[in-house]
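Engineer: Here's a structure for you.
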Amino acid sequence: PLNIRIGNTWLGETADNTDKQFEQFVHMKYGLRAGFVLLRRYIKHYKLNTVNEIISRWAPSNENNTTAYVNRVCCLTGFEKNTPLEFEQETMIKLVAAMCKVENGVEVDTKYILQGWELS
């Protein structure tokens, strides 16, 4: 749901991935869990805690229109692009929901986002 690049071994990833670039998961909740795990790493380890910093790493400008991505996430969440975010449930649920919308053009059911959060 978040176009996570292949490179880690994830809980719930498919054994027979048919995509050469992005991870595939047996259920949406596992892909969302992976997203939360990565976001926690961004915020806690790399100290990337604003929408601008997070999206700039998640969707770098050499592959994406990062500015448009940041602006869309800010519009969907109400977060300012340079305001520090905490890794806490309400904030991360909003952020992931917005990122899923930008990545895939459709909303992901909140129940799956909550399941991903609970698994993370």
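Going by the structure tokens order, chains are called A, B, ..., each with residues numbered from 1, while ligands are numbered from 1 in the order shown.
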Any idea what's packed within 10 Å of A:Asp16, counting only C-alpha atoms, ignoring anything in its chain fewer than 3 positions away? Could you give it as number ranges by chain?

Structural biologist: A: 13, 19, 24-26

Engineer: Go ahead and save the residues from that selection, with N, CA, C and O atoms, as a PDB file, in the first residue's frame.

Structural biologist:
```pdb
ATOM      1  N   GLU A  13       5.428 -10.757   4.160  1.00  0.00           N
ATOM      2  CA  GLU A  13       5.703 -10.551   2.736  1.00  0.00           C
ATOM      3  C   GLU A  13       5.434 -11.847   1.986  1.00  0.00           C
ATOM      4  O   GLU A  13       5.534 -12.938   2.539  1.00  0.00           O
ATOM      5  N   ASP A  19       6.745  -8.520  -8.296  1.00  0.00           N
ATOM      6  CA  ASP A  19       7.192  -7.159  -8.599  1.00  0.00           C
ATOM      7  C   ASP A  19       8.686  -7.084  -8.324  1.00  0.00           C
ATOM      8  O   ASP A  19       9.149  -7.442  -7.247  1.00  0.00           O
ATOM      9  N   GLN A  24       5.697  -7.023  -1.803  1.00  0.00           N
ATOM     10  CA  GLN A  24       4.307  -7.462  -1.846  1.00  0.00           C
ATOM     11  C   GLN A  24       4.039  -8.244  -0.565  1.00  0.00           C
ATOM     12  O   GLN A  24       4.919  -8.944  -0.062  1.00  0.00           O
ATOM     13  N   PHE A  25       2.814  -8.111  -0.061  1.00  0.00           N
ATOM     14  CA  PHE A  25       2.456  -8.703   1.216  1.00  0.00           C
ATOM     15  C   PHE A  25       1.229  -9.588   1.065  1.00  0.00           C
ATOM     16  O   PHE A  25       0.401  -9.368   0.180  1.00  0.00           O
ATOM     17  N   VAL A  26       1.104 -10.557   1.965  1.00  0.00           N
ATOM     18  CA  VAL A  26      -0.027 -11.485   1.903  1.00  0.00           C
ATOM     19  C   VAL A  26      -1.333 -10.811   2.314  1.00  0.00           C
ATOM     20  O   VAL A  26      -2.407 -11.295   1.963  1.00  0.00           O
TER      21      VAL A  26
END
```

Engineer: If you run DSSP over the backbone, which residues in chain A end up helix (DSSP H, G or I)? Put them as number ranges by chain.

Structural biologist: A: 28-45, 51-58, 66-77, 89-104, 110-119

Engineer: Give the answer as one residue: which of A:Ile55, A:Val108, A:Ile6, A:Ala68 has the shortest atom-to-atom distance to A:Tyr42, using only C-alpha atoms?

Structural biologist: A:Ile55

Engineer: Could you give me, as a ChimeraX atom specification, the residues within 12 Å of A:Leu76, counting only C-alpha atoms and dropping anything in the same chain fewer than 2 positions from it?

Structural biologist: /A:51,69-74,78-81,93-102,107

Engineer: Do you know which residues are at most 8 Å from A:Leu2 counting only C-alpha atoms, after dropping those on the same chain fewer than 6 positions away, and could you put them as a CSV table (one decimal) with C-alpha atoms, in the first residue's frame?

Structural biologist:
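What ended up in result.csv:
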```csv
chain,number,residue,atom,x,y,z
A,31,GLY,CA,2.3,-3.8,4.2
A,32,LEU,CA,1.0,-1.1,6.5
A,35,GLY,CA,5.3,1.3,6.6
A,99,MET,CA,0.7,8.6,2.0
A,100,CYS,CA,-1.4,5.6,0.8
A,103,GLU,CA,1.0,6.4,-3.5
A,104,ASN,CA,-2.1,4.6,-4.9
```

Engineer: For each of A:Ala59, A:Ala15, A:Ile54, A:Ile4, take the minimum atom-to-atom distance to A:Thr83, counting only C-alpha atoms, then give the residue where this is smallest.

Structural biologist: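 Checking each of A:Ala59, A:Ala15, A:Ile54, A:Ile4 against A:Thr83, counting only C-alpha atoms, the winner is A:Ile54.
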
Engineer: Which of these residues is nearest to A:Ile43, using only C-alpha atoms: A:Gly105, A:Asn65, A:Glu23, A:Arg57?

Structural biologist: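 Using only C-alpha atoms, A:Ile43 sits closest to A:Arg57.
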
Engineer: Can you measure atom CA of A:Glu88 to atom CA of A:Asp109 for me? One decimal in Å is fine.

Structural biologist: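 Value for the atom CA of A:Glu88-atom CA of A:Asp109 distance: 19.2 Å.
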
Engineer: Would you compute the distance between atom CA of A:Tyr112 and atom CA of A:His27? Give it in Å to one decimal.

Structural biologist: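 Spanning atom CA of A:Tyr112 to atom CA of A:His27 is a straight-line distance of 9.1 Å.
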
Engineer: I'd like the interatomic distance between atom CA of A:Lys47 and atom CA of A:Glu63, to a tenth of an Å.

Structural biologist: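 Computing the Euclidean distance for atom CA of A:Lys47 and atom CA of A:Glu63 yields 22.5 Å.
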
Engineer: Could you tell me which of A:Trp58, A:Tyr46, A:Tyr30, A:Phe22 comes closest to A:Gly116 if we count only C-alpha atoms?

Structural biologist: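 With only C-alpha atoms as the atom set, the closest residue is A:Tyr30.
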
Engineer: DSSP says strand (DSSP E or B) for which residues of chain A? Put them as a list in words?

Structural biologist: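 Taking chain A and keeping strand (DSSP E or B) only, one gets Arg5, Glu13, Phe22 and Phe25 of chain A.
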
Engineer: Hey, can you spit out that residue selection with N, CA and C atoms as a PDB file, in the first residue's frame?

Structural biologist:
```
ATOM      1  N   ARG A   5      10.145  -0.253  -1.235  1.00  0.00           N
ATOM      2  CA  ARG A   5      11.150  -0.897  -2.082  1.00  0.00           C
ATOM      3  C   ARG A   5      11.619  -2.211  -1.477  1.00  0.00           C
ATOM      4  N   GLU A  13       5.428 -10.757   4.160  1.00  0.00           N
ATOM      5  CA  GLU A  13       5.703 -10.551   2.736  1.00  0.00           C
ATOM      6  C   GLU A  13       5.434 -11.847   1.986  1.00  0.00           C
ATOM      7  N   PHE A  22       9.095  -3.444  -5.815  1.00  0.00           N
ATOM      8  CA  PHE A  22       8.388  -3.159  -4.571  1.00  0.00           C
ATOM      9  C   PHE A  22       7.964  -4.430  -3.849  1.00  0.00           C
ATOM     10  N   PHE A  25       2.814  -8.111  -0.061  1.00  0.00           N
ATOM     11  CA  PHE A  25       2.456  -8.703   1.216  1.00  0.00           C
ATOM     12  C   PHE A  25       1.229  -9.588   1.065  1.00  0.00           C
TER      13      PHE A  25
END
```

Engineer: Name the closest residue to A:Thr50 among the candidates A:Thr110, A:Gln115, A:Asn62, A:Thr91; distances are taken between atoms, counting only C-alpha atoms.

Structural biologist: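 Closest to A:Thr50, using only C-alpha atoms: A:Thr91.
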
Engineer: Return the single residue from A:Thr67, A:Gln89, A:Asn8, A:Ser61 that is closest to A:Phe36, with distances computed using only C-alpha atoms.

Structural biologist: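 Once distances to A:Phe36 are computed over only C-alpha atoms, the minimum belongs to A:Gln89.
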